[in-house]
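Colleague: Contents of upload.pdb (PDB, C-alpha atoms):
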MODEL        1
ATOM      1  CA  MET N   1      -0.291   9.200  -1.749
ATOM      2  CA  LEU N   2      -2.232   8.675   1.484
ATOM      3  CA  PHE N   3      -3.042  12.298   2.333
ATOM      4  CA  GLY N   4      -6.057  12.506   4.640
ATOM      5  CA  THR N   5      -5.794   8.948   5.950
ATOM      6  CA  SER N   6      -5.102   8.075   9.563
ATOM      7  CA  LEU N   7      -1.554   7.702  10.829
ATOM      8  CA  PHE N   8      -2.244   4.057  11.730
ATOM      9  CA  PHE N   9      -3.402   3.255   8.180
ATOM     10  CA  ARG N  10      -0.320   4.919   6.684
ATOM     11  CA  ALA N  11       1.963   3.084   9.097
ATOM     12  CA  ALA N  12       0.307  -0.247   8.215
ATOM     13  CA  TYR N  13       0.637   0.447   4.483
ATOM     14  CA  PHE N  14       4.275   1.470   4.955
ATOM     15  CA  PHE N  15       5.064  -1.661   6.944
ATOM     16  CA  THR N  16       3.550  -3.969   4.345
ATOM     17  CA  SER N  17       5.477  -2.113   1.623
ATOM     18  CA  PHE N  18       8.772  -2.499   3.424
ATOM     19  CA  SER N  19       8.234  -5.892   5.018
ATOM     20  CA  PRO N  20      10.337  -7.700   2.343
ATOM     21  CA  ALA N  21      13.268  -5.375   3.024
ATOM     22  CA  LEU N  22      12.740  -5.611   6.784
ATOM     23  CA  PHE N  23      12.637  -9.396   6.480
ATOM     24  CA  LEU N  24      15.986  -9.352   4.676
ATOM     25  CA  LEU N  25      17.415  -7.094   7.364
ATOM     26  CA  SER N  26      16.108  -9.375  10.108
ATOM     27  CA  LEU N  27      17.882 -12.313   8.489
ATOM     28  CA  ASN N  28      21.064 -10.262   8.486
ATOM     29  CA  PHE N  29      21.106 -10.355  12.276
ATOM     30  CA  ARG N  30      22.310 -13.898  11.741
ATOM     31  CA  LEU N  31      25.300 -12.528   9.854
ATOM     32  CA  GLU N  32      26.281  -9.993  12.502
ATOM     33  CA  LYS N  33      28.966 -10.652  15.053
ATOM     34  CA  GLU N  34      28.913 -14.335  15.838
ATOM     35  CA  LEU N  35      27.684 -15.239  19.274
ATOM     36  CA  CYS N  36      29.584 -17.574  21.469
ATOM     37  CA  VAL N  37      27.099 -20.353  22.021
ATOM     38  CA  ALA N  38      27.391 -21.746  25.491
ATOM     39  CA  ASN N  39      25.905 -24.980  26.675
ATOM     40  CA  ASP N  40      23.366 -23.499  29.029
ATOM     41  CA  PHE N  41      19.688 -23.215  28.094
ATOM     42  CA  ILE N  42      19.433 -19.403  28.408
ATOM     43  CA  ASN N  43      22.157 -18.740  25.844
ATOM     44  CA  HIS N  44      20.616 -21.239  23.456
ATOM     45  CA  MET N  45      17.255 -19.478  23.762
ATOM     46  CA  LEU N  46      18.914 -16.096  23.234
ATOM     47  CA  VAL N  47      20.572 -17.320  20.070
ATOM     48  CA  PHE N  48      17.277 -18.771  18.825
ATOM     49  CA  ILE N  49      15.423 -15.487  19.449
ATOM     50  CA  ILE N  50      18.062 -13.421  17.654
ATOM     51  CA  TYR N  51      18.347 -15.863  14.766
ATOM     52  CA  TRP N  52      14.642 -16.543  14.211
ATOM     53  CA  GLY N  53      12.623 -14.212  16.430
ATOM     54  CA  PHE N  54      13.046 -11.064  14.320
ATOM     55  CA  PRO N  55      12.145 -12.699  10.970
ATOM     56  CA  ILE N  56       9.066 -14.307  12.550
ATOM     57  CA  LEU N  57       8.093 -10.972  14.110
ATOM     58  CA  VAL N  58       8.392  -9.147  10.759
ATOM     59  CA  VAL N  59       6.274 -11.763   8.967
ATOM     60  CA  GLY N  60       3.662 -11.729  11.730
ATOM     61  CA  LEU N  61       3.362  -7.935  11.750
ATOM     62  CA  ALA N  62       3.195  -7.833   7.950
ATOM     63  CA  VAL N  63       0.294 -10.314   7.954
ATOM     64  CA  LEU N  64      -1.548  -8.391  10.688
ATOM     65  CA  SER N  65      -0.996  -5.086   8.854
ATOM     66  CA  ALA N  66      -2.285  -6.523   5.564
ATOM     67  CA  ILE N  67      -5.382  -7.970   7.268
ATOM     68  CA  TYR N  68      -6.030  -4.614   8.964
ATOM     69  CA  ILE N  69      -5.811  -2.768   5.626
ATOM     70  CA  GLN N  70      -8.119  -5.309   3.988
ATOM     71  CA  LYS N  71     -10.721  -4.923   6.758
ATOM     72  CA  TYR N  72     -10.365  -1.136   6.733
ATOM     73  CA  LEU N  73     -11.007  -0.918   2.990
ATOM     74  CA  LEU N  74     -13.947  -3.293   3.269
ATOM     75  CA  LYS N  75     -15.494  -1.101   5.949
ATOM     76  CA  ARG N  76     -15.002   2.072   3.884
ATOM     77  CA  LEU N  77     -16.539   0.661   0.694
ATOM     78  CA  GLU N  78     -19.577  -0.824   2.438
ATOM     79  CA  HIS N  79     -20.737   2.330   4.236
ATOM     80  CA  LYS N  80     -22.617   5.086   2.421
ATOM     81  CA  LYS N  81     -21.349   7.747   4.823
ATOM     82  CA  TYR N  82     -17.879   7.499   3.262
ATOM     83  CA  GLU N  83     -19.181   8.053  -0.283
ATOM     84  CA  VAL N  84     -17.537  10.909  -2.202
ATOM     85  CA  SER N  85     -20.184  12.943  -4.024
ATOM     86  CA  ASN N  86     -17.916  14.709  -6.529
ATOM     87  CA  LYS N  87     -15.756  11.834  -7.804
ATOM     88  CA  ALA N  88     -16.437   8.794  -9.983
ATOM     89  CA  VAL N  89     -14.395   6.338 -12.018
ATOM     90  CA  ASN N  90     -15.530   5.416 -15.531
ATOM     91  CA  PHE N  91     -14.733   1.927 -16.847
ATOM     92  CA  ASN N  92     -16.700   2.433 -20.063
ATOM     93  CA  MET N  93     -14.961   3.175 -23.343
ATOM     94  CA  CYS N  94     -16.920   6.380 -23.926
ATOM     95  CA  SER N  95     -15.997   9.452 -21.899
ATOM     96  CA  LYS N  96     -18.561  10.683 -19.402
ATOM     97  CA  LYS N  97     -18.975  13.605 -17.044
ATOM     98  CA  PHE N  98     -21.342  14.652 -14.287
ATOM     99  CA  LYS N  99     -24.372  16.595 -15.378
ATOM    100  CA  ASN N 100     -24.142  20.265 -14.389
ATOM    101  CA  SER N 101     -20.343  19.747 -13.978
ATOM    102  CA  ARG N 102     -20.692  18.985 -10.266
ATOM    103  CA  GLY N 103     -17.652  16.753 -10.063
ATOM    104  CA  HIS N 104     -14.813  14.933 -11.800
ATOM    105  CA  VAL N 105     -15.094  11.596 -13.603
ATOM    106  CA  ILE N 106     -11.837   9.637 -13.710
ATOM    107  CA  GLN N 107     -11.473   7.854 -17.053
ATOM    108  CA  ALA N 108     -10.108   4.478 -15.956
ATOM    109  CA  HIS N 109      -9.659   3.051 -19.448
ATOM    110  CA  GLU N 110      -7.011   5.641 -20.347
ATOM    111  CA  GLY N 111      -3.624   4.312 -19.284
ATOM    112  CA  ILE N 112      -4.697   2.509 -16.140
ATOM    113  CA  LYS N 113      -2.035   0.569 -14.210
ATOM    114  CA  ILE N 114      -2.667  -2.201 -11.671
ATOM    115  CA  ASN N 115      -0.223  -2.815  -8.795
ATOM    116  CA  SER N 116       2.488  -0.884 -10.609
ATOM    117  CA  GLY N 117       5.914   0.033  -9.314
ATOM    118  CA  PHE N 118       7.486  -3.363  -8.644
ATOM    119  CA  ILE N 119      10.722  -2.474 -10.471
ATOM    120  CA  ALA N 120      10.979   0.810  -8.590
ATOM    121  CA  PHE N 121      10.359  -1.076  -5.347
ATOM    122  CA  ALA N 122      13.064  -3.637  -6.116
ATOM    123  CA  ILE N 123      15.584  -0.932  -6.978
ATOM    124  CA  SER N 124      14.833   1.488  -4.164
ATOM    125  CA  VAL N 125      14.105  -0.863  -1.265
ATOM    126  CA  VAL N 126      15.274  -4.445  -1.684
ATOM    127  CA  ALA N 127      18.530  -3.727  -3.541
ATOM    128  CA  PRO N 128      19.912  -1.209  -0.978
ATOM    129  CA  SER N 129      19.208  -3.612   1.882
ATOM    130  CA  VAL N 130      21.170  -6.350   0.092
ATOM    131  CA  VAL N 131      24.001  -4.077  -1.066
ATOM    132  CA  LEU N 132      24.485  -2.553   2.366
ATOM    133  CA  THR N 133      24.688  -6.067   3.777
ATOM    134  CA  LEU N 134      27.769  -6.702   1.703
ATOM    135  CA  ILE N 135      29.509  -3.384   2.315
ATOM    136  CA  ASN N 136      30.268  -2.932   5.996
ATOM    137  CA  ASP N 137      29.418  -3.814   9.565
ATOM    138  CA  GLY N 138      27.031  -0.882   9.954
ATOM    139  CA  HIS N 139      24.623  -2.051   7.297
ATOM    140  CA  ILE N 140      21.721  -2.680   9.688
ATOM    141  CA  ALA N 141      21.688   0.883  11.035
ATOM    142  CA  SER N 142      22.253   2.343   7.571
ATOM    143  CA  SER N 143      19.436   0.314   6.047
ATOM    144  CA  LEU N 144      17.048   1.246   8.837
ATOM    145  CA  LEU N 145      17.916   4.904   8.312
ATOM    146  CA  ILE N 146      17.052   4.584   4.631
ATOM    147  CA  ILE N 147      13.738   2.938   5.519
ATOM    148  CA  VAL N 148      12.892   5.757   7.959
ATOM    149  CA  MET N 149      13.625   8.281   5.219
ATOM    150  CA  PHE N 150      11.253   6.417   2.883
ATOM    151  CA  PHE N 151       8.573   6.497   5.591
ATOM    152  CA  LEU N 152       8.922  10.269   5.875
ATOM    153  CA  LEU N 153       8.651  10.481   2.093
ATOM    154  CA  LEU N 154       5.446   8.447   2.190
ATOM    155  CA  MET N 155       4.018  10.684   4.909
ATOM    156  CA  MET N 156       4.699  13.920   3.034
ATOM    157  CA  SER N 157       4.306  12.919  -0.610
ATOM    158  CA  ASN N 158       1.448  12.057  -2.953
ATOM    159  CA  ASP N 159       3.603   9.767  -5.106
ATOM    160  CA  VAL N 160       2.505   6.147  -5.523
ATOM    161  CA  PHE N 161       4.304   3.858  -3.107
ATOM    162  CA  PRO N 162       4.513   0.278  -4.488
ATOM    163  CA  ASN N 163       3.369  -2.624  -2.366
ATOM    164  CA  ILE N 164       3.922  -6.263  -3.322
ATOM    165  CA  ILE N 165       2.382  -7.769  -0.177
ATOM    166  CA  LEU N 166      -1.203  -6.471  -0.329
ATOM    167  CA  PRO N 167      -2.133  -8.228  -3.631
ATOM    168  CA  ILE N 168      -1.450 -11.531  -1.859
ATOM    169  CA  PHE N 169      -4.269 -10.567   0.529
ATOM    170  CA  GLY N 170      -6.622  -9.522  -2.253
ATOM    171  CA  VAL N 171      -5.983  -5.780  -2.074
ATOM    172  CA  HIS N 172      -5.116  -4.091  -5.370
ATOM    173  CA  LEU N 173      -4.212  -0.552  -6.351
ATOM    174  CA  MET N 174      -5.043   0.931  -9.730
ATOM    175  CA  VAL N 175      -3.332   4.115 -10.845
ATOM    176  CA  THR N 176      -4.959   6.204 -13.554
ATOM    177  CA  ARG N 177      -3.176   8.346 -16.107
ATOM    178  CA  ASP N 178      -4.218  11.500 -14.260
ATOM    179  CA  ASN N 179      -2.610  10.124 -11.089
ATOM    180  CA  TYR N 180      -5.618   9.039  -9.070
ATOM    181  CA  ASN N 181      -4.993   5.998  -6.851
ATOM    182  CA  ILE N 182      -7.934   3.653  -6.333
ATOM    183  CA  PHE N 183      -7.895   0.646  -4.002
ATOM    184  CA  TYR N 184     -10.168  -2.285  -4.757
ATOM    185  CA  LEU N 185     -10.550  -5.871  -3.558
ATOM    186  CA  SER N 186     -10.124  -9.051  -5.588
ATOM    187  CA  LYS N 187     -13.822  -9.869  -5.287
ATOM    188  CA  GLN N 188     -14.545  -6.690  -7.293
ATOM    189  CA  ASN N 189     -12.551  -7.849 -10.334
ATOM    190  CA  ASP N 190     -15.686  -9.024 -12.140
ATOM    191  CA  PHE N 191     -17.440  -5.705 -11.557
ATOM    192  CA  LEU N 192     -14.924  -3.242 -13.007
ATOM    193  CA  SER N 193     -17.484  -1.806 -15.403
ATOM    194  CA  GLY N 194     -19.864   1.114 -15.697
ATOM    195  CA  ILE N 195     -19.353   4.336 -13.762
ATOM    196  CA  LYS N 196     -18.481   3.419 -10.216
ATOM    197  CA  LYS N 197     -18.826   5.530  -7.117
ATOM    198  CA  LEU N 198     -15.810   6.141  -4.892
ATOM    199  CA  ASN N 199     -15.500   6.164  -1.128
ATOM    200  CA  SER N 200     -12.949   8.136   0.834
ATOM    201  CA  LEU N 201     -10.095   6.644   2.822
ATOM    202  CA  GLY N 202     -10.129   9.489   5.315
ATOM    203  CA  ASN N 203     -10.287  13.234   5.031
ATOM    204  CA  ALA N 204     -11.342  13.932   1.427
ATOM    205  CA  GLY N 205      -9.507  17.262   1.212
ATOM    206  CA  GLY N 206      -8.054  18.945  -1.833
ATOM    207  CA  LEU N 207      -4.807  16.962  -1.665
ATOM    208  CA  ALA N 208      -6.547  13.590  -1.380
ATOM    209  CA  ARG N 209      -6.179  11.567  -4.592
ATOM    210  CA  THR N 210      -6.499   8.048  -3.162
ATOM    211  CA  TYR N 211      -9.907   6.384  -2.840
ATOM    212  CA  VAL N 212     -11.509   2.981  -2.453
ATOM    213  CA  LEU N 213     -13.804   1.633  -5.177
ATOM    214  CA  SER N 214     -17.466   1.308  -4.227
ATOM    215  CA  ASN N 215     -19.757  -1.497  -5.331
ATOM    216  CA  ASP N 216     -22.381   1.028  -6.474
ATOM    217  CA  ASN N 217     -22.737   2.616  -9.912
ATOM    218  CA  TYR N 218     -23.963   6.046 -10.922
ATOM    219  CA  SER N 219     -27.158   5.950 -12.956
ATOM    220  CA  ASP N 220     -27.344   7.143 -16.569
ATOM    221  CA  ILE N 221     -29.469  10.139 -15.609
ATOM    222  CA  GLU N 222     -26.621  11.477 -13.444
ATOM    223  CA  MET N 223     -24.127  11.390 -16.337
ATOM    224  CA  GLU N 224     -23.771  12.756 -19.858
ATOM    225  CA  ASP N 225     -21.320  12.377 -22.716
ATOM    226  CA  LYS N 226     -18.179  14.405 -22.397
TER     227      LYS N 226
ENDMDL
END
Would you mind giving the structure from this file in structure tokens?
Modeller:
Amino acid sequence: MLFGTSLFFRAAYFFTSFSPALFLLSLNFRLEKELCVANDFINHMLVFIIYWGFPILVVGLAVLSAIYIQKYLLKRLEHKKYEVSNKAVNFNMCSKKFKNSRGHVIQAHEGIKINSGFIAFAISVVAPSVVLTLINDGHIASSLLIIVMFFLLLMMSNDVFPNIILPIFGVHLMVTRDNYNIFYLSKQNDFLSGIKKLNSLGNAGGLARTYVLSNDNYSDIEMEDK
């Protein structure tokens, strides 16, 4: 899904995707072997850190990761140097194509999905973390292993990876019927019309199918009916 993007961007996207499951796992530290709470201050602080430190850390990192992604996308869509010359997304009802067939126009009105995949996320991420909690004492390690395997899948796959945190921060993902993934910000909701330009998220190689929506439109003289 994120082919061509930097490792840091992929890690941030992965963390925001899995932060609900990681939050559940962090709460499960409270259900691990009970600590013998002594009366001294150090043991009380240790208990507090184990009980509340990990959940707070997960939430804090998730917020920072989401803000980083938001700023990163904003930077990419505002700079002309990231513009992709051979891709466009068409929000009009009539099909269009580049004149002289110099690129591909993505027809957004045909089967577009916004922030899809919540059910798949709930089944594949949240449910295992809860189920493993109830099964045995090794659920933390087992759940973390599953999460690492999902990270490797994200790194090596072009499948859409659902994310329920980013929309809270105004970052949305539309998926077209021909499997292009296009990030856009909430402030662009009123401008999803015309034939929009796309900006790259990183290396715009042959495997890259994820872009960020630009604020600029292609002119009528650059397009023709399909």
Colleague: Find the residues near stretch 217-225 of chain N: any atom within 12 Å, counting all atoms listed in the file, skip ones fewer than 5 places away on the same chain, and give them as a ChimeraX atom specification.
Modeller: /N:83-105,191-199
Colleague: What is the atom CA of N:Leu22 to atom CA of N:His172 distance in Å?
Modeller: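 A separation of 21.7 Å between them.
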Colleague: Would you mind telling me which residue in N:Gln107, N:Asn115, N:Met1, N:Arg209 lies nearest to N:Ile165 when using all atoms listed in the file?
Modeller: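 Among N:Gln107, N:Asn115, N:Met1, N:Arg209, it is N:Asn115 that comes nearest to N:Ile165.
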Colleague: Given the PyMOL selection byres ((chain N and resi 213) around 7) and the file above, list the residues it selects as number ranges by chain.
Modeller: N: 77, 182-184, 197-199, 211-212, 214-215
Colleague: For the atom pair atom CA of N:Leu7 and atom CA of N:Trp52, what is the interatomic distance in Å to one decimal place?
Modeller: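 These atoms are spaced 29.4 Å apart.
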Colleague: Please report the interatomic distance between atom CA of N:Ile69 and atom CA of N:Ile114 in Å with one decimal.
Modeller: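 Computing the Euclidean distance for atom CA of N:Ile69 and atom CA of N:Ile114 yields 17.6 Å.
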Colleague: Dig up all the protein and nucleic acid residues within 9 Å of (-4.9, 8.9, -10.2) in the file frame, using all atoms listed in the file, and format them as number ranges by chain.
Modeller: N: 106, 108, 112, 174-182, 209-210
Colleague: Can you translate the PyMOL selection byres ((chain N and resi 18) around 9) into the concrete residues it hits in this file, as a ChimeraX atom specification?
Modeller: /N:13-17,19-23,62,125-126,147,163
Colleague: Which one of N:Gly117, N:Gly4, N:Gly170, N:Pro55 sits closest to N:Gln188 if you count only C-alpha atoms?
Modeller: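 Comparing N:Gly117, N:Gly4, N:Gly170, N:Pro55 against N:Gln188, the winner is N:Gly170.
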Colleague: How big is the axis-aligned box around all listed atoms of stretch 177-181 of chain N once 5 Å goes on each side, and where's its centre, in Å to one decimal, as AutoDock Vina command-line options?
Modeller:
--center_x -4.1 --center_y 8.7 --center_z -11.5 --size_x 13.0 --size_y 15.5 --size_z 19.3
Colleague: Can you tell me, as a PyMOL selection string, what residues are no more than 12 Å from N:Lys71 when counting all atoms listed in the file, ignoring any on the same chain fewer than 6 positions away?
Modeller: chain N and resi 9+64-65+77-78+166+169-171+184-185
Colleague: May I ask which of the residues N:Lys187, N:Leu145, N:Lys113, N:Phe150 is the closest one to N:Leu173, counting only C-alpha atoms?
Modeller: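 For N:Leu173, the nearest of the given residues is N:Lys113.
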